[in-house]
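The data block below is start11.txt; it holds compact mmCIF, C-alpha atoms and all ligand atoms.
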# COMPACT_ATOMS: atom_id res chain seq x y z
CA MET S 1 0.00 0.00 0.00
CA ILE S 2 1.12 3.55 -0.63
CA LYS S 3 1.83 5.29 2.66
CA VAL S 4 0.49 8.85 2.79
CA SER S 5 1.17 11.67 5.21
CA ASP S 6 -0.98 11.56 8.33
CA ASN S 7 -0.68 15.33 8.49
CA PHE S 8 -2.77 15.59 5.35
CA THR S 9 -5.35 13.02 6.41
CA LEU S 10 -5.81 14.97 9.66
CA LEU S 11 -7.23 17.85 7.64
CA SER S 12 -10.94 17.65 7.06
CA PRO S 13 -12.21 18.89 3.70
CA SER S 14 -12.77 22.65 3.72
CA TYR S 15 -16.54 22.81 4.13
CA LEU S 16 -17.03 26.56 4.29
CA PHE S 17 -17.30 27.56 0.65
CA SER S 18 -18.86 24.27 -0.50
CA GLU S 19 -21.47 24.56 2.27
CA ILE S 20 -22.21 28.14 1.16
CA ALA S 21 -22.44 27.06 -2.48
CA LYS S 22 -24.85 24.25 -1.55
CA LYS S 23 -27.13 26.51 0.49
CA VAL S 24 -27.17 29.08 -2.31
CA SER S 25 -27.90 26.47 -4.99
CA ASP S 26 -30.68 24.85 -2.89
CA PHE S 27 -32.26 28.27 -2.40
CA GLN S 28 -31.89 29.12 -6.08
CA GLN S 29 -33.58 25.85 -7.11
CA ALA S 30 -36.49 26.54 -4.79
CA HIS S 31 -36.75 30.16 -6.06
CA PRO S 32 -35.74 30.03 -9.75
CA GLY S 33 -36.73 33.62 -10.57
CA VAL S 34 -34.55 35.22 -7.90
CA THR S 35 -31.21 36.88 -8.75
CA MET S 36 -28.63 36.44 -6.05
CA ILE S 37 -26.00 39.04 -5.23
CA ARG S 38 -22.75 37.47 -4.16
CA MET S 39 -20.87 39.46 -1.55
CA GLY S 40 -18.99 36.49 -0.16
CA ILE S 41 -16.36 36.00 -2.84
CA GLY S 42 -12.74 37.01 -2.26
CA ASP S 43 -12.07 37.35 -5.99
CA VAL S 44 -12.02 40.70 -7.72
CA THR S 45 -14.42 41.76 -10.47
CA ARG S 46 -12.47 44.57 -12.17
CA PRO S 47 -10.15 43.38 -14.97
CA VAL S 48 -6.36 43.55 -14.98
CA CYS S 49 -5.29 47.20 -15.20
CA GLY S 50 -4.54 48.56 -18.69
CA ALA S 51 -0.83 49.27 -18.10
CA ALA S 52 -0.28 45.64 -17.10
CA ILE S 53 -2.24 44.37 -20.12
CA GLU S 54 -0.08 46.43 -22.50
CA ALA S 55 3.06 45.10 -20.81
CA LEU S 56 1.72 41.55 -21.13
CA HIS S 57 1.28 42.00 -24.88
CA ARG S 58 4.77 43.45 -25.27
CA ALA S 59 6.27 40.65 -23.19
CA ALA S 60 4.39 38.05 -25.24
CA ASP S 61 5.99 39.55 -28.36
CA ASP S 62 9.41 39.31 -26.66
CA GLU S 63 8.83 35.60 -26.25
CA ALA S 64 8.14 35.27 -30.00
CA CYS S 65 11.58 36.43 -31.10
CA ALA S 66 14.93 34.66 -30.54
CA ASP S 67 16.67 37.95 -29.62
CA THR S 68 14.22 38.89 -26.89
CA PHE S 69 13.03 35.46 -25.81
CA HIS S 70 13.20 34.72 -22.06
CA GLY S 71 13.36 31.10 -20.96
CA TYR S 72 14.02 30.06 -17.39
CA GLY S 73 14.35 33.19 -15.34
CA PRO S 74 16.02 33.76 -11.98
CA GLU S 75 14.14 31.76 -9.32
CA GLN S 76 14.11 34.81 -7.07
CA GLY S 77 12.46 36.93 -9.76
CA TYR S 78 13.76 39.35 -12.39
CA ALA S 79 15.83 42.27 -11.09
CA PHE S 80 13.64 44.74 -13.03
CA LEU S 81 10.63 43.82 -10.86
CA ARG S 82 12.52 43.48 -7.57
CA GLU S 83 14.09 46.90 -8.14
CA ALA S 84 10.70 48.49 -8.92
CA ILE S 85 9.26 46.98 -5.74
CA ALA S 86 12.19 48.13 -3.59
CA ALA S 87 11.91 51.66 -5.02
CA HIS S 88 8.13 52.15 -4.95
CA ASP S 89 6.84 49.98 -2.11
CA TYR S 90 9.75 50.58 0.27
CA ALA S 91 12.27 53.37 -0.54
CA ALA S 92 9.41 55.76 -1.40
CA ARG S 93 8.15 55.23 2.17
CA GLY S 94 11.59 55.67 3.67
CA ILE S 95 12.08 51.92 4.20
CA ASP S 96 15.37 50.36 3.31
CA ILE S 97 14.77 47.04 1.55
CA ASN S 98 17.39 45.73 -0.84
CA PRO S 99 16.11 44.10 -4.08
CA ASP S 100 18.08 40.99 -3.03
CA GLU S 101 15.78 40.66 -0.03
CA ILE S 102 12.71 40.44 -2.30
CA PHE S 103 11.47 37.13 -3.73
CA ILE S 104 8.91 37.16 -6.55
CA SER S 105 6.36 34.36 -6.62
CA ASP S 106 3.08 33.26 -8.16
CA GLY S 107 1.16 34.87 -5.29
CA ALA S 108 1.06 35.42 -1.57
CA LYS S 109 -0.87 32.21 -0.88
CA SER S 110 2.01 30.06 -2.13
CA ASP S 111 4.60 31.93 -0.08
CA VAL S 112 2.53 32.12 3.11
CA GLY S 113 1.89 28.41 2.72
CA ASN S 114 5.44 27.40 1.80
CA ILE S 115 7.41 29.52 4.25
CA GLY S 116 7.00 26.83 6.91
CA ASP S 117 9.39 24.64 4.86
CA ILE S 118 12.34 26.55 6.34
CA LEU S 119 11.07 26.46 9.93
CA SER S 120 11.52 23.65 12.44
CA PRO S 121 8.58 21.21 12.68
CA ALA S 122 8.82 21.87 16.42
CA CYS S 123 7.98 25.58 16.12
CA ARG S 124 4.97 26.64 18.17
CA VAL S 125 2.53 28.72 16.17
CA ALA S 126 0.11 31.51 17.09
CA VAL S 127 -2.64 32.89 14.85
CA THR S 128 -5.22 35.60 15.29
CA ASP S 129 -8.80 34.30 15.38
CA PRO S 130 -10.75 34.63 13.02
CA VAL S 131 -8.00 33.80 10.55
CA TYR S 132 -7.15 33.35 6.87
CA PRO S 133 -7.36 29.51 6.87
CA VAL S 134 -4.11 28.97 4.91
CA TYR S 135 -1.98 29.79 8.00
CA VAL S 136 -3.61 27.06 10.07
CA ASP S 137 -4.01 24.37 7.41
CA THR S 138 -0.42 24.59 6.19
CA ASN S 139 0.79 24.11 9.77
CA VAL S 140 -1.46 21.05 10.06
CA MET S 141 0.21 19.77 6.87
CA ALA S 142 3.61 20.38 8.46
CA GLY S 143 2.68 18.47 11.62
CA ARG S 144 2.76 21.51 13.91
CA ALA S 145 -0.91 21.69 14.86
CA GLY S 146 -1.54 18.71 17.18
CA SER S 147 -5.10 17.39 17.27
CA GLN S 148 -8.41 19.06 16.48
CA SER S 149 -11.09 19.71 19.09
CA VAL S 150 -14.85 19.91 18.55
CA ASN S 151 -14.82 23.67 17.90
CA GLY S 152 -12.27 23.09 15.14
CA CYS S 153 -9.27 24.52 17.04
CA TRP S 154 -5.93 22.70 16.97
CA SER S 155 -4.35 21.77 20.29
CA ASP S 156 -0.82 22.99 19.47
CA ILE S 157 -1.82 26.30 17.86
CA GLU S 158 -2.40 29.35 20.04
CA TYR S 159 -5.51 31.26 18.93
CA LEU S 160 -5.56 34.99 19.71
CA PRO S 161 -9.20 36.12 19.73
CA CYS S 162 -10.14 39.29 17.85
CA THR S 163 -13.68 40.43 18.59
CA SER S 164 -15.52 43.68 19.15
CA GLY S 165 -14.71 43.11 22.85
CA ASN S 166 -11.02 43.90 22.27
CA GLY S 167 -11.56 46.20 19.29
CA PHE S 168 -10.16 43.42 17.05
CA VAL S 169 -6.70 44.00 18.53
CA PRO S 170 -5.29 40.64 19.63
CA SER S 171 -3.64 40.32 23.04
CA LEU S 172 0.00 39.32 23.05
CA PRO S 173 0.42 35.52 23.21
CA GLU S 174 0.80 33.62 26.48
CA GLY S 175 2.18 30.36 25.09
CA ASN S 176 5.56 31.71 23.98
CA PRO S 177 5.08 30.91 20.26
CA ASP S 178 8.04 30.77 17.89
CA VAL S 179 5.99 31.92 14.92
CA ILE S 180 3.15 34.47 14.86
CA TYR S 181 0.97 35.06 11.81
CA LEU S 182 -0.35 38.61 11.54
CA CYS S 183 -2.50 39.81 8.64
CA TYR S 184 -3.05 43.57 8.51
CA PRO S 185 -5.19 45.03 7.07
CA ASN S 186 -7.04 41.91 8.12
CA ASN S 187 -8.92 39.30 6.17
CA PRO S 188 -11.64 38.55 7.27
CA THR S 189 -12.42 41.35 9.76
CA GLY S 190 -11.27 44.28 7.59
CA THR S 191 -9.69 45.87 10.68
CA SER S 192 -6.14 47.19 10.98
CA LEU S 193 -3.44 47.89 13.56
CA THR S 194 -2.00 51.33 14.22
CA ARG S 195 1.75 51.88 14.14
CA GLU S 196 1.77 51.89 17.96
CA GLN S 197 -0.15 48.59 18.13
CA LEU S 198 2.09 46.89 15.56
CA LYS S 199 5.16 48.14 17.45
CA MET S 200 4.00 46.12 20.49
CA TRP S 201 4.16 42.99 18.33
CA VAL S 202 7.59 43.77 16.93
CA ASP S 203 8.89 44.49 20.44
CA TYR S 204 7.33 41.25 21.68
CA ALA S 205 8.87 39.24 18.83
CA LEU S 206 12.31 40.75 19.41
CA SER S 207 12.23 40.12 23.16
CA HIS S 208 10.90 36.54 22.77
CA SER S 209 12.96 35.52 19.69
CA ALA S 210 9.74 34.96 17.76
CA LEU S 211 9.23 35.32 14.02
CA ILE S 212 6.31 37.42 12.70
CA LEU S 213 4.90 36.31 9.36
CA PHE S 214 3.24 39.54 8.25
CA ASP S 215 0.66 39.14 5.49
CA SER S 216 0.17 42.51 3.90
CA ALA S 217 -1.93 41.46 0.88
CA TYR S 218 -4.32 44.40 1.48
CA GLU S 219 -1.73 47.12 2.10
CA ALA S 220 -2.96 49.19 -0.87
CA TYR S 221 -6.34 49.66 0.85
CA ILE S 222 -4.95 51.59 3.81
CA THR S 223 -6.47 55.07 4.04
CA GLU S 224 -5.61 56.18 7.58
CA PRO S 225 -2.23 57.81 8.26
CA ASP S 226 -1.46 55.98 11.52
CA VAL S 227 -1.78 52.54 9.89
CA PRO S 228 1.62 51.24 8.76
CA HIS S 229 1.94 50.08 5.14
CA SER S 230 4.79 47.74 5.94
CA ILE S 231 5.95 46.05 9.14
CA TYR S 232 9.43 47.37 8.29
CA GLU S 233 8.23 50.86 9.22
CA ILE S 234 8.62 49.62 12.79
CA PRO S 235 12.19 49.75 14.14
CA GLY S 236 13.67 46.30 14.64
CA ALA S 237 11.22 44.52 12.30
CA ARG S 238 14.05 43.59 9.93
CA ARG S 239 15.30 41.27 12.68
CA CYS S 240 11.99 39.52 13.39
CA ALA S 241 9.60 39.70 10.42
CA ILE S 242 8.94 38.34 6.94
CA GLU S 243 6.43 40.31 4.85
CA PHE S 244 4.13 38.95 2.11
CA ARG S 245 2.46 41.04 -0.59
CA SER S 246 0.31 40.39 -3.62
CA PHE S 247 -0.66 41.99 -6.92
CA SER S 248 -4.00 40.14 -6.79
CA LYS S 249 -6.21 42.75 -5.15
CA THR S 250 -4.44 45.83 -6.53
CA ALA S 251 -4.02 45.23 -10.24
CA GLY S 252 -6.48 42.36 -10.72
CA PHE S 253 -3.83 39.61 -10.78
CA THR S 254 -5.96 36.90 -9.10
CA GLY S 255 -5.85 34.99 -12.39
CA LEU S 256 -2.43 36.13 -13.69
CA ARG S 257 -0.76 35.27 -10.34
CA CYS S 258 2.08 37.33 -8.89
CA GLY S 259 3.16 38.26 -5.39
CA TYR S 260 6.34 38.72 -3.41
CA THR S 261 7.97 38.03 -0.09
CA VAL S 262 10.57 40.08 1.75
CA VAL S 263 13.10 38.18 3.84
CA PRO S 264 15.56 40.71 5.29
CA GLU S 265 19.25 39.93 5.46
CA ASP S 266 19.28 40.66 9.22
CA LEU S 267 16.80 37.89 9.99
CA THR S 268 18.49 34.86 11.52
CA GLY S 269 17.44 31.71 13.33
CA VAL S 270 19.24 28.74 14.84
CA ASP S 271 19.33 25.12 13.74
CA SER S 272 19.07 22.20 16.18
CA LYS S 273 22.82 22.41 16.84
CA GLY S 274 22.47 26.06 17.85
CA VAL S 275 24.19 27.33 14.71
CA GLU S 276 22.94 30.74 13.55
CA VAL S 277 21.47 30.64 10.04
CA SER S 278 20.19 33.37 7.68
CA LEU S 279 16.50 32.88 6.87
CA ARG S 280 17.01 34.68 3.57
CA ARG S 281 19.64 32.12 2.59
CA LEU S 282 17.33 29.23 3.52
CA TRP S 283 14.40 30.72 1.59
CA LEU S 284 16.64 31.28 -1.44
CA ARG S 285 17.73 27.65 -1.20
CA ARG S 286 14.12 26.52 -0.90
CA GLN S 287 12.97 28.60 -3.85
CA THR S 288 15.86 27.68 -6.13
CA THR S 289 15.15 24.01 -5.43
CA LYS S 290 11.35 23.91 -5.56
CA PHE S 291 10.31 26.93 -7.65
CA ASN S 292 11.26 28.00 -11.15
CA GLY S 293 10.07 31.56 -10.94
CA ALA S 294 6.92 33.45 -11.92
CA SER S 295 6.63 33.77 -15.69
CA TYR S 296 8.50 36.52 -17.53
CA VAL S 297 5.32 37.96 -19.03
CA VAL S 298 3.59 38.16 -15.65
CA GLN S 299 6.61 39.84 -14.06
CA ARG S 300 6.65 42.43 -16.87
CA ALA S 301 2.94 43.02 -16.21
CA ALA S 302 3.61 43.43 -12.47
CA GLU S 303 6.46 45.86 -13.25
CA ALA S 304 4.03 47.98 -15.30
CA THR S 305 1.85 48.54 -12.23
CA TYR S 306 4.68 50.77 -10.92
CA THR S 307 4.70 53.14 -13.91
CA ALA S 308 2.92 56.48 -13.37
CA GLU S 309 -0.03 55.25 -15.43
CA GLY S 310 -0.05 51.82 -13.76
CA ARG S 311 -0.06 53.39 -10.29
CA ARG S 312 -2.90 55.71 -11.26
CA GLN S 313 -4.93 52.76 -12.53
CA VAL S 314 -4.27 50.72 -9.39
CA MET S 315 -5.34 53.63 -7.19
CA GLU S 316 -8.49 54.02 -9.26
CA THR S 317 -9.38 50.34 -8.81
CA VAL S 318 -8.65 50.46 -5.08
CA GLY S 319 -10.81 53.61 -4.85
CA TYR S 320 -13.62 51.84 -6.69
CA TYR S 321 -13.65 48.92 -4.24
CA MET S 322 -13.32 51.24 -1.27
CA GLY S 323 -16.36 53.13 -2.56
CA ASN S 324 -18.20 49.80 -2.38
CA ALA S 325 -16.86 49.23 1.13
CA ARG S 326 -18.18 52.62 2.24
CA MET S 327 -21.62 51.91 0.75
CA LEU S 328 -21.72 48.58 2.54
CA ARG S 329 -20.57 50.00 5.87
CA GLU S 330 -23.01 52.88 5.76
CA GLY S 331 -25.89 50.77 4.46
CA LEU S 332 -25.48 48.10 7.14
CA ALA S 333 -25.05 50.70 9.90
CA ALA S 334 -28.17 52.54 8.70
CA ILE S 335 -30.32 49.48 9.37
CA GLY S 336 -28.94 49.27 12.88
CA LEU S 337 -26.20 46.67 12.45
CA GLU S 338 -22.80 46.82 14.13
CA VAL S 339 -20.15 47.06 11.40
CA TYR S 340 -16.36 46.95 11.52
CA GLY S 341 -13.59 47.20 8.96
CA GLY S 342 -14.01 48.57 5.46
CA VAL S 343 -11.91 51.69 6.18
CA ASN S 344 -8.43 50.31 5.51
CA ALA S 345 -9.51 47.06 3.87
CA PRO S 346 -11.97 45.77 1.27
CA TYR S 347 -13.81 43.65 3.85
CA VAL S 348 -16.73 44.63 6.05
CA TRP S 349 -17.30 42.55 9.18
CA CYS S 350 -20.82 42.71 10.51
CA ARG S 351 -22.23 41.54 13.84
CA ALA S 352 -25.33 39.36 13.50
CA PRO S 353 -28.29 40.99 15.27
CA ARG S 354 -30.11 39.66 18.34
CA GLY S 355 -27.30 37.26 19.22
CA MET S 356 -27.90 35.20 16.07
CA SER S 357 -25.26 32.75 14.93
CA SER S 358 -23.20 33.40 11.80
CA TRP S 359 -25.05 30.71 9.85
CA ASP S 360 -28.52 31.86 10.98
CA PHE S 361 -27.76 35.40 9.88
CA PHE S 362 -26.29 34.10 6.61
CA THR S 363 -29.57 32.23 5.99
CA LEU S 364 -31.68 35.26 6.91
CA LEU S 365 -29.73 37.44 4.43
CA LEU S 366 -29.99 34.74 1.77
CA GLU S 367 -33.72 34.30 2.19
CA GLN S 368 -34.83 37.87 2.87
CA ALA S 369 -32.38 39.85 0.70
CA ASN S 370 -31.00 37.19 -1.66
CA VAL S 371 -27.55 38.45 -0.69
CA VAL S 372 -24.73 35.96 -0.13
CA CYS S 373 -22.11 36.74 2.54
CA THR S 374 -19.60 34.52 4.35
CA PRO S 375 -20.40 33.22 7.85
CA GLY S 376 -17.66 34.49 10.18
CA VAL S 377 -17.47 31.23 12.13
CA GLY S 378 -15.96 29.65 9.02
CA PHE S 379 -12.77 31.63 9.79
CA GLY S 380 -12.47 30.42 13.39
CA PRO S 381 -14.42 30.27 16.65
CA SER S 382 -14.08 34.01 17.37
CA GLY S 383 -15.83 34.66 14.06
CA GLU S 384 -19.05 33.18 15.47
CA GLY S 385 -21.84 35.76 15.50
CA TYR S 386 -20.35 37.74 12.59
CA VAL S 387 -20.54 37.64 8.80
CA ARG S 388 -18.13 39.02 6.19
CA PHE S 389 -19.05 41.08 3.15
CA THR S 390 -16.48 41.80 0.46
CA ALA S 391 -16.24 45.04 -1.47
CA PHE S 392 -15.01 43.28 -4.62
CA SER S 393 -18.40 43.16 -6.38
CA SER S 394 -19.41 45.66 -9.04
CA ARG S 395 -20.72 49.04 -7.91
CA GLU S 396 -24.12 48.15 -9.34
CA ASP S 397 -24.36 44.87 -7.40
CA THR S 398 -23.15 46.55 -4.22
CA ARG S 399 -25.79 49.27 -4.61
CA LYS S 400 -28.50 46.66 -5.20
CA ALA S 401 -27.31 44.59 -2.24
CA VAL S 402 -27.43 47.61 0.07
CA GLU S 403 -30.92 48.47 -1.19
CA ARG S 404 -32.12 44.93 -0.50
CA LEU S 405 -30.41 44.83 2.89
CA SER S 406 -32.23 48.03 3.87
CA GLN S 407 -35.52 46.10 3.57
CA ILE S 408 -34.67 43.35 6.05
CA SER S 409 -35.78 43.44 9.63
CA VAL S 410 -32.94 43.13 12.15
CA LYS S 411 -34.84 44.22 15.26
N1 LIG E 501 -3.34 36.56 2.05
C1 LIG E 501 -4.59 36.93 2.36
C2 LIG E 501 -4.86 37.47 3.71
C3 LIG E 501 -5.63 36.80 1.43
O1 LIG E 501 -6.86 37.16 1.77
C4 LIG E 501 -5.33 36.28 0.15
C5 LIG E 501 -6.38 36.09 -0.86
O2 LIG E 501 -7.55 36.17 -0.66
C6 LIG E 501 -4.03 35.90 -0.12
C7 LIG E 501 -3.05 36.06 0.84
C8 LIG E 501 -3.68 35.27 -1.42
O3 LIG E 501 -3.16 36.16 -2.31
P1 LIG E 501 -2.64 35.68 -3.73
O4 LIG E 501 -3.78 35.83 -4.68
O5 LIG E 501 -1.50 36.59 -4.02
O6 LIG E 501 -2.20 34.27 -3.61
Using structure tokens, write down the structure from this file.
Amino acid sequence: MIKVSDNFTLLSPSYLFSEIAKKVSDFQQAHPGVTMIRMGIGDVTRPVCGAAIEALHRAADDEACADTFHGYGPEQGYAFLREAIAAHDYAARGIDINPDEIFISDGAKSDVGNIGDILSPACRVAVTDPVYPVYVDTNVMAGRAGSQSVNGCWSDIEYLPCTSGNGFVPSLPEGNPDVIYLCYPNNPTGTSLTREQLKMWVDYALSHSALILFDSAYEAYITEPDVPHSIYEIPGARRCAIEFRSFSKTAGFTGLRCGYTVVPEDLTGVDSKGVEVSLRRLWLRRQTTKFNGASYVVQRAAEATYTAEGRRQVMETVGYYMGNARMLREGLAAIGLEVYGGVNAPYVWCRAPRGMSSWDFFTLLLEQANVVCTPGVGFGPSGEGYVRFTAFSSREDTRKAVERLSQISVK
């Protein structure tokens, strides 16, 4: 018999989105004339920005000609893109990141999921709760999670609750974790940390020799001045943090696929013999062995998002989705619901009324407004009693959804 990894068999199938799809399709079958508005999806609806499309065409032509053809590229990514990132995402904000510290990939999900390859299987992990499920599931796959309890939590993972009770600011861990996943602006709650709040985490990590894995996929959505755009704005973060970013939600790259990870030169760990090792060197070794680089054409497209025109187009798209977020926030608040997020992130997190559960409120919205959201409990136990709306729909659908939501009774 073929022996498979127990770590993978420990994972139950991800029920959340299939359960949602089933409930929506059952409702649709029972009510064939009804048009549903889907506010649960994490995918974008606006196409890839024009500057990136033009660059894609040009790069495709390069590939057609022997003189300009690009075959295997550098595993770490082309220098033209790493230099553009270092200049625009970091130097322009006064942050010193060397292009050699930047690794281009096919998206933040791959990097956030794969980074555990360079960490000891014995590392103790902490996550905020509710959480982007990739952080937890990839640690189950790596054998770091222990066993699962009835509420879905894993025994060896420390969950840091984020609810309206603590203003969605997690308390510092108590279990002395080696690795802490932070996602700010946050998916799913749409909330953010101020510079002062993030500094507490960097100080904690430095004093406890912990590593922060900082997922910054929604950085472009920050509107408030005291919210840091990068963890490296905080002194000392170069010694304790890896940062992940994505072109998915800025330039519409969810289908094209491109993201990047910053592993600073100053970041070191120790192996089991106590020998100090550079994490950047390990990640480079991992990538050169297991990854052959994002495609040349996609990297040219990503580079184009940093031209003046590309940046203008990205800002326009971000502004469009944030207009949706504002409509959602204001519309939900106007009917008397408690809403969070949506100011520095394209997600709006809404408290179910009258102490309803996430799923009951999901069903009420489905049946009374024909609007599909995501039950918060699907992201972790502290998500119970909340639902998530995304701002990635079209303006028209968002407007219609808000109109329909204004008709429901939440009292
Ligand atoms: N990180 C977070 C928090 C996300 O919400 C997502 C996508 O929804 C990703 C990473 C994945 O990004 P990418 O499309 O670059 O893989």
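Of the residues under consideration (S:Ile37, S:Cys350, S:Ala87, S:Ala308), S:Ile37 shows the shortest atom-to-atom contact distance to Val372 in chain S when counting all atoms listed in the file.
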Can you tell me, as a PDB file with C-alpha atoms, in the coordinates of the input, which residues sit within 12 Å of (-33.1, 34.6, 9.7) in the file's frame, using only C-alpha atoms?
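And here's out_37.pdb as it stands now:
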ATOM      1  CA  ALA S 352     -25.330  39.360  13.500  1.00  0.00           C
ATOM      2  CA  PRO S 353     -28.290  40.990  15.270  1.00  0.00           C
ATOM      3  CA  ARG S 354     -30.110  39.660  18.340  1.00  0.00           C
ATOM      4  CA  GLY S 355     -27.300  37.260  19.220  1.00  0.00           C
ATOM      5  CA  MET S 356     -27.900  35.200  16.070  1.00  0.00           C
ATOM      6  CA  SER S 357     -25.260  32.750  14.930  1.00  0.00           C
ATOM      7  CA  SER S 358     -23.200  33.400  11.800  1.00  0.00           C
ATOM      8  CA  TRP S 359     -25.050  30.710   9.850  1.00  0.00           C
ATOM      9  CA  ASP S 360     -28.520  31.860  10.980  1.00  0.00           C
ATOM     10  CA  PHE S 361     -27.760  35.400   9.880  1.00  0.00           C
ATOM     11  CA  PHE S 362     -26.290  34.100   6.610  1.00  0.00           C
ATOM     12  CA  THR S 363     -29.570  32.230   5.990  1.00  0.00           C
ATOM     13  CA  LEU S 364     -31.680  35.260   6.910  1.00  0.00           C
ATOM     14  CA  LEU S 365     -29.730  37.440   4.430  1.00  0.00           C
ATOM     15  CA  LEU S 366     -29.990  34.740   1.770  1.00  0.00           C
ATOM     16  CA  GLU S 367     -33.720  34.300   2.190  1.00  0.00           C
ATOM     17  CA  GLN S 368     -34.830  37.870   2.870  1.00  0.00           C
ATOM     18  CA  ALA S 369     -32.380  39.850   0.700  1.00  0.00           C
ATOM     19  CA  ASN S 370     -31.000  37.190  -1.660  1.00  0.00           C
ATOM     20  CA  ILE S 408     -34.670  43.350   6.050  1.00  0.00           C
ATOM     21  CA  SER S 409     -35.780  43.440   9.630  1.00  0.00           C
ATOM     22  CA  VAL S 410     -32.940  43.130  12.150  1.00  0.00           C
ATOM     23  CA  LYS S 411     -34.840  44.220  15.260  1.00  0.00           C
TER      24      LYS S 411
END
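With only C-alpha atoms as the atoms that count, the minimum distance from Thr191 in chain S to the choices S:Val387, S:Ile222, S:Ile231, S:Met141 is reached by S:Ile222.
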Show me which residues are within 6 Å of ligand LIG 501 (chain E) counting all atoms listed in the file, and format the list as a PDB file with C-alpha atoms, in the coordinates of the input.
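Done, and the output landed in selection34.pdb:
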ATOM      1  CA  GLY S  42     -12.740  37.010  -2.260  1.00  0.00           C
ATOM      2  CA  GLY S 107       1.160  34.870  -5.290  1.00  0.00           C
ATOM      3  CA  ALA S 108       1.060  35.420  -1.570  1.00  0.00           C
ATOM      4  CA  LYS S 109      -0.870  32.210  -0.880  1.00  0.00           C
ATOM      5  CA  TYR S 132      -7.150  33.350   6.870  1.00  0.00           C
ATOM      6  CA  CYS S 183      -2.500  39.810   8.640  1.00  0.00           C
ATOM      7  CA  ASN S 187      -8.920  39.300   6.170  1.00  0.00           C
ATOM      8  CA  ASP S 215       0.660  39.140   5.490  1.00  0.00           C
ATOM      9  CA  ALA S 217      -1.930  41.460   0.880  1.00  0.00           C
ATOM     10  CA  SER S 246       0.310  40.390  -3.620  1.00  0.00           C
ATOM     11  CA  SER S 248      -4.000  40.140  -6.790  1.00  0.00           C
ATOM     12  CA  THR S 254      -5.960  36.900  -9.100  1.00  0.00           C
ATOM     13  CA  GLY S 259       3.160  38.260  -5.390  1.00  0.00           C
TER      14      GLY S 259
END
*Tell me, as JSON, numbers by chain, which residues lie within 12 Å of range 269-281 of chain S, counting all atoms listed in the file; anything in the same chain fewer than 6 positions away does not count.*
{"S": [76, 98, 100, 101, 102, 103, 115, 116, 117, 118, 119, 120, 121, 122, 123, 178, 179, 209, 210, 211, 238, 239, 240, 241, 242, 261, 262, 263, 287, 288]}
*Please indicate the distance in Å from CA of Leu267 in chain S to CA of Ala237 in chain S, rounded to one decimal place.*
9.0 Å
*Work out how far CA of Ala294 in chain S is from CA of Leu282 in chain S, in Å to one decimal.*
19.1 Å
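With distances restricted to all atoms listed in the file, S:Ser164 is the closest residue to Tyr386 in chain S from S:Ser207, S:Asn7, S:Ser164, S:Gln407.
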Working from the structure I just supplied, which lacks atoms in range 27-37 of chain S, can you model N, CA and C atoms there and output them as an mmCIF file, keeping the file's coordinate frame?
data_model
loop_
_atom_site.group_PDB
_atom_site.id
_atom_site.type_symbol
_atom_site.label_atom_id
_atom_site.label_comp_id
_atom_site.auth_asym_id
_atom_site.auth_seq_id
_atom_site.Cartn_x
_atom_site.Cartn_y
_atom_site.Cartn_z
ATOM 1 N N PHE S 27 -31.317 27.145 -2.450
ATOM 2 C CA PHE S 27 -32.260 28.270 -2.400
ATOM 3 C C PHE S 27 -32.654 28.687 -3.825
ATOM 4 N N GLN S 28 -31.651 28.709 -4.691
ATOM 5 C CA GLN S 28 -31.890 29.120 -6.080
ATOM 6 C C GLN S 28 -32.853 28.151 -6.781
ATOM 7 N N GLN S 29 -32.679 26.845 -6.503
ATOM 8 C CA GLN S 29 -33.580 25.850 -7.110
ATOM 9 C C GLN S 29 -35.012 26.028 -6.641
ATOM 10 N N ALA S 30 -35.145 26.356 -5.345
ATOM 11 C CA ALA S 30 -36.490 26.540 -4.790
ATOM 12 C C ALA S 30 -37.105 27.865 -5.237
ATOM 13 N N HIS S 31 -36.263 28.826 -5.644
ATOM 14 C CA HIS S 31 -36.750 30.160 -6.060
ATOM 15 C C HIS S 31 -36.078 30.539 -7.379
ATOM 16 N N PRO S 32 -36.475 29.868 -8.482
ATOM 17 C CA PRO S 32 -35.740 30.030 -9.750
ATOM 18 C C PRO S 32 -35.719 31.456 -10.304
ATOM 19 N N GLY S 33 -36.696 32.278 -9.980
ATOM 20 C CA GLY S 33 -36.730 33.620 -10.570
ATOM 21 C C GLY S 33 -35.841 34.632 -9.868
ATOM 22 N N VAL S 34 -35.272 34.250 -8.739
ATOM 23 C CA VAL S 34 -34.550 35.220 -7.900
ATOM 24 C C VAL S 34 -33.107 35.416 -8.386
ATOM 25 N N THR S 35 -32.649 36.670 -8.452
ATOM 26 C CA THR S 35 -31.210 36.880 -8.750
ATOM 27 C C THR S 35 -30.468 37.122 -7.444
ATOM 28 N N MET S 36 -29.430 36.339 -7.279
ATOM 29 C CA MET S 36 -28.630 36.440 -6.050
ATOM 30 C C MET S 36 -27.545 37.488 -6.252
ATOM 31 N N ILE S 37 -27.167 38.157 -5.170
ATOM 32 C CA ILE S 37 -26.000 39.040 -5.230
ATOM 33 C C ILE S 37 -24.931 38.440 -4.315
#
